[in-house]
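J.: Could you have a look at this structure, given as structure tokens, before my questions?
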Amino acid sequence: MKEKLFVGMVLLGLCFPLLRYGAGFRSFTLAGVAHTKPFPEWRWDRLSSGQFQSAFSEWVNGAWGRQDVLIRTNNQLLYSFFGEPGPTGEGIVIGRDGMLYSKDYVESYFQLFPSFSLDKTKGIVQTMGIVQRLLRQRGISFVVLITPSKASLYPEYLPKAYAQFSTRKNNAHYEEFVQQLSQQNINLVDGHRLLAEVKKNLDFPLYPRGGIHWNDLGMFHVLRGLITEINRVSPRPMSNLTIESYEIDYTPRGSDRDLLDILNLWWPPEKYPVPRVKVTRDSPDSTFRPRVLVEGGSYNYPLLGNLVGHGLVSSCDFFNYYSWIVHYPDPTLTHVKIEKLNWEKEVFGKDVIVLEINEMYITDDLDRVGSGFLKDLHAQLTNSSAPTLH
Amino acid sequence: MLFSTPLFLFLFFPLFLAVYISFGRLRNFTAAIFSAIFYLWGEPKFALIVFASLGVDWGLGNLIHRQRVGGHAPKGFLALGVVLNVGLLVFYKYTGFFLTNVNHLASIFNFDPIPVLRVALPLGVSFIVFEKITYLVDIYRRESEPARSVLLYAEYILLFPKLLAGPIVKYHDIRHQLEVRNVTMDDLSAGLQRFIIGLAKKTLLADRLSPVADQVFNMPASTLTTVSAWLGVLAFTFQIYFDFSGYSDMAIGLARMMGFRLMENFNLPYVSQSFTEFWRRWHISLSTWIKSYLYIPLGGNRVPAHRMYFNLVFCFLVSGLWHGASWTFVVWGLMHGFFLVVDKVIWFRVSSHIPKALNGLATFLLIMLTWVIFRSRSIDQALHFLGAMFGGGEEQVVYPGNVLLWSKSFRFVLGVSALVSVLPHFLKDFKFKYFSSNLWWYACCLLLFVLSLVSISASQFIPFIYFRF
């Protein structure tokens with residue numbers, strides 16, 4: 001009897017995905033975006049070359065192999081027993097006190113990426129200087145915003161495994177780059193320095209434990225810093241925001257838990273402090289509401305959402321990695337066709353252009369600064385070369 | 001189609017078992033057809049050559065048998081069969097290696113290079129060829145009669161449980177089972193238990209060790225530290241054992257569910273006290289094949305000592321080459337041949353005076369060093385790696401992959417692997433059986449089964465956080 005039960009249970013386990021799929025249970029409740037393979041096209045030539053077999057295998061892996069219950073169980077076991085992420089979180093580093101980091105940011109902090117040429121960054125900063133000057137001639141203010149990385153602002157939570165890299169000059173790229181920007185008098189908002197000051201007086205982090213990006217409090221401090229700098233370099237000041245108060249909430253939502261969600265655990269540690277900030281608008285009678293263009297990454301979404309939401313700007317366009325464009329207040333992403341970009345209208349028709357660079361993306365390759373936007377902007381202003389084609 | 005993939009576990013195997021059990025009288029036909037499909041699935045083009053070759057072997061086998069019955073010694077047919085099979089192996093496996101080395105020599109003498117033909121290595125060709133040779137030789141030696149039909153012969157060669165990675169089954173060991181066998185509930189239960197153990201070894205141990213082994217062996221030489229070199233080779237030492245023995249367990253388990261009893265292929269090899277003992281415990285089907293079909297025909301132990309030593313080294317040179325077409329495998333094979341000679345010349349006498357634990361440790365360490373050669377991409381890399389192991393490594397760690405070496409799960413799995421690979425040998429009165437009807441053992445197997453499925457499923461979903469990225 002024991003034998004029959006054992007055999008029955010194992011065979012049922014092997015048939016389970018097939019039965020589940022056959023019964024129509026195809027729901028897939030895990031966090032994260034993965035491309036599901038379609039059922040492969042059947043052709044004799046694809047069969048004889050082995051292409052059909054590979055594609056069919058991948059389809060089966062996705063349709064039957066990917067069982068959300070099993071995946072969560074695997075991840076939970078690894079997390080609970082070893083404090084490590086499962087395969088769904090392979091790009092995540094789990095630090096002390098459950099602090100989560102995106103691995104790219106951690107490796108960048110320890111300069112584990114290929115070498116970096118200070119001479120080349122000097123060239124990039126000089127290009128920025130030229131752009132700043134030429135834009136000023138057109139009545140446009142140019143500001144560079146350095147957004148911090150969680151790893152560089154909160155290295156104390158990094159796991160012991162990374163202590164072996166501590167002898168490397170951590171974060172040298174950022175410090176040297178900022179020094180170069182200052183030397184060239186580039187209009188700069190150093191988000192890292194700003195938040196490092198704020199951090200000293202707080203008893204909770206400015207980054208949510210389970211999120212890649214800053215929380216609202218961190219974001220608003222940098223937004224205030226950005227507006228302050230824009231006002232310093234612009235002929236007319238715009239309204240700014242004042243942080244009135246904040247309340248600590250222990251139910252993180254949305255991007256405050258994006259890394260935590262991707263761990264795909266049964267019992268995620270989701271009780272951590274997240275500030276809900278109340279802000280008021282300074283100078284409510286100020287009539288200057290600039291037209292703003294920002295080029296950068298995902299740190300800008302909450303920043304620009306508040307810039308627009310509090311009525312501080314008359315228009316706001318966002319080039320996301322110079323590949324996608326958002327015309328606020330419409331949150332829809334549209335693919336940017338660089339060769340069809342109307343520079344006069346979409347770029348030079350602005351009052352302020354902000355180039356956001358995260359510490360992690362400081363590079364010595366001009367083609368990669370602003371995903372090529374700086375190079376094209378310089379070319380358009382000096383009319384010296386064709387735009388970067390993606 | 002690997003056994004540890006969803007395609008095999010959730011589709012091919014349940015379908016096969018359902019048909020195999022339901023149509024008892026057509027067992028051989030079912031096994032042959034499903035095995036052919038299994039092979040066609042992975043090798044659609046080479047499969048046709050294999051099928052044709054099977055037909056030729058079967059014909060030659062019958063000719064050899066007829067000649068034998070007639071009192072003749074059909075060496076010609078045997079030689080033809082062996083040459084055709086070895087020729088198949090040499091063409092597909094060694095052509096590129098041979099031509100590349102000829103070209104190296106030619107370049108020294110300023111000759112023009114010969115164009116190197118890039119031939120894809122067909123699945124399981126090394127195992128298939130050795131088994132085809134045993135069929136012909138067993139008939140010649142009158143250890144077996146030919147298969148009653150080409151279908152039975154095809155079933156023997158293509159039997160999918162052992163097709164990809166063995167065990168190498170000698171024809172005389174399976175001939176009777178091909179014709180007469182039953183499948184009982186006991187077979188299903190024992191087979192599933194064995195299969196689950198193999199699956200757990202592969203997915204829970206080998207697959208957890210391989211990222212670290214791969215990471216270390218792919219490190220640039222300038223970033224290899226002494227610690228990472230030792231951890232990397234330890235990881236590979238246990239990875240290769242659990243990967244290979246796990247696959248053998250799955251093969252033996254699957255075959256058992258079909259009513260076949262295949263030979264054991266591994267017997268706790270890392271407890272060995274000598275290289276001789278190691279090869280009685282590691283890849284037993286290969287070492288017994290080499291002994292039966294190469295070493296003994298060369299004279300075995302019945303020749304003068306110097307000739308015997310030469311035969312040993314030669315056999316392990318062949319074994320090394322069988323594993324792969326590269327100088328690293330040649331050197332690996334030669335090292336093992338050398339240590340086997342050392343055993344006979346001096347080690348057995350000396351080791352009887354040394355504590356067993358020390359003996360075992362020394363043997364284990366030497367075997368680990370040979371795995372460095374086996375795993376390296378080149379002799380150069382192997383030498384550098386060995387240098388790093390013995391103090392020549394870099395001091396400052398700059399390689400991001402080193403983080404893996406600190407991982408708790410890796411160290412846990414390494415510890416468990418070390419324990420599992422030797423502990424059963426030291427438990428007093430412990431007789432390790434791969435199956436039992438004990439309730440706790442069933443529960444343990446079910447737990448391992450679930451954990452294995454959990455691990456397999458988890459590796460199928462590696463998402464992006466945001467599509468924008």
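Please note that chains go A, B, ... in the order of the structure tokens, that every chain numbers its residues from 1, and that ligands are numbered from 1 in the order shown.
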Could you please write out, as a ChimeraX atom specification, every residue of stretch 79-273 of chain A that DSSP assigns to strand (DSSP E or B)?
T.: /A:92-94,100-102,141-147,188-190,241-249
J.: Go through stretch 28-138 of chain A and flag each residue having an atom no more than 10 Å from stretch 36-51 of chain B; for those, report the closest pair of atoms plus their distance in Å to one decimal, using only C-alpha atoms, ordered by chain and rising number, as a tab-separated table.
T.:
```
residue	atom	partner	partner_atom	distance
A:Leu47	CA	B:Pro44	CA	7.4
A:Ser48	CA	B:Pro44	CA	5.3
A:Ser49	CA	B:Pro44	CA	7.1
A:Gly50	CA	B:Pro44	CA	6.8
A:Phe52	CA	B:Trp41	CA	9.4
A:Gln53	CA	B:Trp41	CA	6.6
A:Ser54	CA	B:Gly42	CA	9.1
```
J.: Starting from chain A, keep only residues with some atom at most 8 Å from an atom of chain B, counting only C-alpha atoms, and report them as a ChimeraX atom specification.
T.: /A:2-4,6-7,10-11,14-18,31-34,47-50,53,57,60-62,64-67,70-75,78,82,84,86-90,107,112,161-162,164-165,258-259,262
J.: What lies within 12 Å of stretch 98-109 of chain B using only C-alpha atoms, ignoring chain neighbours under 3 positions off, as a compact mmCIF listing (two decimals) with N, CA and C atoms, in the first residue's frame?
T.:
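result21.txt was written with the following content:
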```
# COMPACT_ATOMS: atom_id res chain seq x y z
N VAL B 90 35.89 8.54 -34.46
CA VAL B 90 37.07 9.35 -34.79
C VAL B 90 36.67 10.52 -35.69
N PHE B 91 35.83 10.22 -36.67
CA PHE B 91 35.43 11.28 -37.61
C PHE B 91 34.70 12.42 -36.89
N TYR B 92 33.72 12.04 -36.09
CA TYR B 92 32.89 13.08 -35.48
C TYR B 92 33.55 13.76 -34.30
N LYS B 93 34.42 13.01 -33.62
CA LYS B 93 34.96 13.57 -32.38
C LYS B 93 36.37 14.12 -32.51
N TYR B 94 37.19 13.52 -33.39
CA TYR B 94 38.61 13.86 -33.35
C TYR B 94 39.16 14.51 -34.60
N THR B 95 38.34 14.64 -35.64
CA THR B 95 38.84 15.21 -36.89
C THR B 95 39.40 16.62 -36.68
N ASP B 112 51.47 24.87 -45.89
CA ASP B 112 50.14 25.47 -45.87
C ASP B 112 49.21 24.66 -44.96
N PRO B 113 48.34 25.34 -44.22
CA PRO B 113 47.44 24.58 -43.33
C PRO B 113 46.36 23.85 -44.11
N ILE B 114 45.92 22.74 -43.54
CA ILE B 114 44.79 22.00 -44.13
C ILE B 114 43.52 22.64 -43.59
N PRO B 115 42.51 22.85 -44.44
CA PRO B 115 41.26 23.41 -43.90
C PRO B 115 40.67 22.48 -42.85
N VAL B 116 40.33 23.06 -41.72
CA VAL B 116 39.83 22.23 -40.62
C VAL B 116 38.33 22.07 -40.75
N LEU B 117 37.90 20.83 -40.86
CA LEU B 117 36.48 20.54 -40.99
C LEU B 117 35.82 20.62 -39.61
N ARG B 118 34.84 21.51 -39.47
CA ARG B 118 34.14 21.64 -38.18
C ARG B 118 32.94 20.71 -38.19
N VAL B 119 33.06 19.63 -37.45
CA VAL B 119 31.98 18.65 -37.42
C VAL B 119 31.32 18.69 -36.05
N LEU B 321 41.17 10.42 -23.95
CA LEU B 321 40.71 10.89 -25.28
C LEU B 321 39.22 10.65 -25.45
N ALA B 325 38.22 15.62 -27.06
CA ALA B 325 39.30 15.80 -28.03
C ALA B 325 40.09 17.05 -27.68
N SER B 326 40.98 16.89 -26.72
CA SER B 326 41.77 18.06 -26.28
C SER B 326 42.98 17.54 -25.52
N TRP B 327 44.06 18.31 -25.54
CA TRP B 327 45.27 17.88 -24.84
C TRP B 327 45.05 17.78 -23.33
```
J.: Taking only C-alpha atoms into account, which of A:Lys37, A:Ser255, A:Leu5, A:Lys271 comes nearest A:Asp97?
T.: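 Looking at the shortest contact to A:Asp97, the residue is A:Lys271.
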J.: I'd like the neighbourhood of B:Leu163 as a ChimeraX atom specification, where a residue qualifies if any of its atoms comes within 9 Å (using only C-alpha atoms), though same-chain residues fewer than 3 positions away should be ignored.
T.: /B:35,39,123-125,127-128,157-160,166-168,251
J.: Record the distance separating atom CA of A:Arg43 and atom CA of A:Glu58, expressed in Å with one decimal.
T.: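 Atom CA of A:Glu58 lies at a distance of 16.8 Å from atom CA of A:Arg43.
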J.: Can you tell me how far atom CA of A:Ala151 sits from atom CA of A:Tyr207, in Å to one decimal?
T.: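 It comes out at 10.0 Å.
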J.: With only C-alpha atoms as the counted atoms, please give the residues lying no more than 10 Å from A:Ser315, apart from itself and same-chain residues fewer than 5 positions off, as number ranges by chain.
T.: A: 289-293, 307-308, 327-329, 350-351
J.: Return as a PyMOL selection string the full set of residues in stretch 180-310 of chain B whose backbone-based DSSP assignment is alpha helix (DSSP H).
T.: chain B and resi 185-200+207-217+226-257+275-281+284-290+305-310
J.: Hey, can you spit out that residue selection with C-alpha atoms as an mmCIF file, in the first residue's frame?
T.:
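Written out: selection-v3.cif:
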```cif
data_model
loop_
_atom_site.group_PDB
_atom_site.id
_atom_site.type_symbol
_atom_site.label_atom_id
_atom_site.label_comp_id
_atom_site.auth_asym_id
_atom_site.auth_seq_id
_atom_site.Cartn_x
_atom_site.Cartn_y
_atom_site.Cartn_z
ATOM 1 C CA MET B 185 5.072 -2.393 -8.597
ATOM 2 C CA ASP B 186 8.376 -3.059 -6.865
ATOM 3 C CA ASP B 187 10.215 -2.059 -10.038
ATOM 4 C CA LEU B 188 8.192 1.130 -10.359
ATOM 5 C CA SER B 189 8.744 2.061 -6.741
ATOM 6 C CA ALA B 190 12.450 1.212 -6.667
ATOM 7 C CA GLY B 191 12.966 2.890 -10.032
ATOM 8 C CA LEU B 192 11.227 6.084 -8.971
ATOM 9 C CA GLN B 193 13.181 6.214 -5.722
ATOM 10 C CA ARG B 194 16.421 5.836 -7.594
ATOM 11 C CA PHE B 195 15.383 8.395 -10.182
ATOM 12 C CA ILE B 196 14.485 10.905 -7.474
ATOM 13 C CA ILE B 197 17.835 10.476 -5.747
ATOM 14 C CA GLY B 198 19.588 11.119 -9.038
ATOM 15 C CA LEU B 199 17.402 14.131 -9.776
ATOM 16 C CA ALA B 200 18.153 15.567 -6.325
ATOM 17 C CA ASP B 207 23.566 22.561 -10.333
ATOM 18 C CA ARG B 208 24.220 24.666 -7.213
ATOM 19 C CA LEU B 209 27.958 24.039 -7.405
ATOM 20 C CA SER B 210 28.361 24.597 -11.133
ATOM 21 C CA PRO B 211 27.946 28.427 -11.140
ATOM 22 C CA VAL B 212 30.864 28.727 -8.718
ATOM 23 C CA ALA B 213 33.036 26.225 -10.571
ATOM 24 C CA ASP B 214 32.254 27.937 -13.874
ATOM 25 C CA GLN B 215 32.919 31.352 -12.366
ATOM 26 C CA VAL B 216 36.323 30.374 -11.003
ATOM 27 C CA PHE B 217 37.473 28.514 -14.083
ATOM 28 C CA THR B 226 44.651 30.909 -3.831
ATOM 29 C CA VAL B 227 41.387 30.743 -1.907
ATOM 30 C CA SER B 228 39.216 31.075 -5.001
ATOM 31 C CA ALA B 229 41.282 28.436 -6.830
ATOM 32 C CA TRP B 230 40.808 25.898 -4.016
ATOM 33 C CA LEU B 231 37.110 26.674 -3.604
ATOM 34 C CA GLY B 232 36.638 26.464 -7.351
ATOM 35 C CA VAL B 233 38.310 23.093 -7.713
ATOM 36 C CA LEU B 234 36.436 21.742 -4.684
ATOM 37 C CA ALA B 235 33.212 22.922 -6.257
ATOM 38 C CA PHE B 236 34.074 21.198 -9.518
ATOM 39 C CA THR B 237 35.211 18.011 -7.787
ATOM 40 C CA PHE B 238 31.805 17.566 -6.227
ATOM 41 C CA GLN B 239 29.908 19.011 -9.168
ATOM 42 C CA ILE B 240 31.247 16.458 -11.596
ATOM 43 C CA TYR B 241 30.594 13.620 -9.176
ATOM 44 C CA PHE B 242 27.009 14.537 -8.402
ATOM 45 C CA ASP B 243 26.245 15.516 -11.984
ATOM 46 C CA PHE B 244 27.546 12.269 -13.405
ATOM 47 C CA SER B 245 26.452 9.928 -10.630
ATOM 48 C CA GLY B 246 23.113 11.721 -10.445
ATOM 49 C CA TYR B 247 22.570 11.136 -14.125
ATOM 50 C CA SER B 248 23.547 7.489 -13.714
ATOM 51 C CA ASP B 249 21.058 7.154 -10.868
ATOM 52 C CA MET B 250 18.328 8.615 -13.049
ATOM 53 C CA ALA B 251 19.280 6.263 -15.876
ATOM 54 C CA ILE B 252 19.293 3.228 -13.592
ATOM 55 C CA GLY B 253 15.990 4.314 -12.060
ATOM 56 C CA LEU B 254 14.313 4.862 -15.425
ATOM 57 C CA ALA B 255 15.579 1.523 -16.692
ATOM 58 C CA ARG B 256 14.322 -0.174 -13.547
ATOM 59 C CA MET B 257 10.863 1.224 -14.204
ATOM 60 C CA PHE B 275 43.827 5.367 -7.916
ATOM 61 C CA THR B 276 43.248 1.683 -8.562
ATOM 62 C CA GLU B 277 40.411 1.697 -6.061
ATOM 63 C CA PHE B 278 39.137 4.989 -7.498
ATOM 64 C CA TRP B 279 38.621 3.364 -10.875
ATOM 65 C CA ARG B 280 36.720 0.511 -9.263
ATOM 66 C CA ARG B 281 34.327 3.086 -7.846
ATOM 67 C CA ILE B 284 32.540 1.651 -13.299
ATOM 68 C CA SER B 285 30.903 0.852 -16.633
ATOM 69 C CA LEU B 286 33.714 2.640 -18.490
ATOM 70 C CA SER B 287 36.546 1.119 -16.496
ATOM 71 C CA THR B 288 35.097 -2.380 -16.877
ATOM 72 C CA TRP B 289 34.607 -1.786 -20.595
ATOM 73 C CA ILE B 290 38.218 -0.710 -20.983
ATOM 74 C CA ALA B 305 55.579 -5.931 -15.757
ATOM 75 C CA HIS B 306 56.910 -3.248 -18.104
ATOM 76 C CA ARG B 307 54.385 -4.300 -20.744
ATOM 77 C CA MET B 308 51.586 -4.254 -18.195
ATOM 78 C CA TYR B 309 52.507 -0.728 -17.136
ATOM 79 C CA PHE B 310 52.528 0.358 -20.762
#
```
J.: Measuring atom to atom with only C-alpha atoms, identify which of B:Leu152, B:Ser319, B:Ile64, B:Trp282 is nearest to B:Phe130.
T.: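 Using only C-alpha atoms, B:Phe130 sits closest to B:Ser319.
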J.: Record the distance separating atom CA of A:Glu229 and atom CA of A:Asp367, expressed in Å with one decimal.
T.: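 The value is 26.3 Å.
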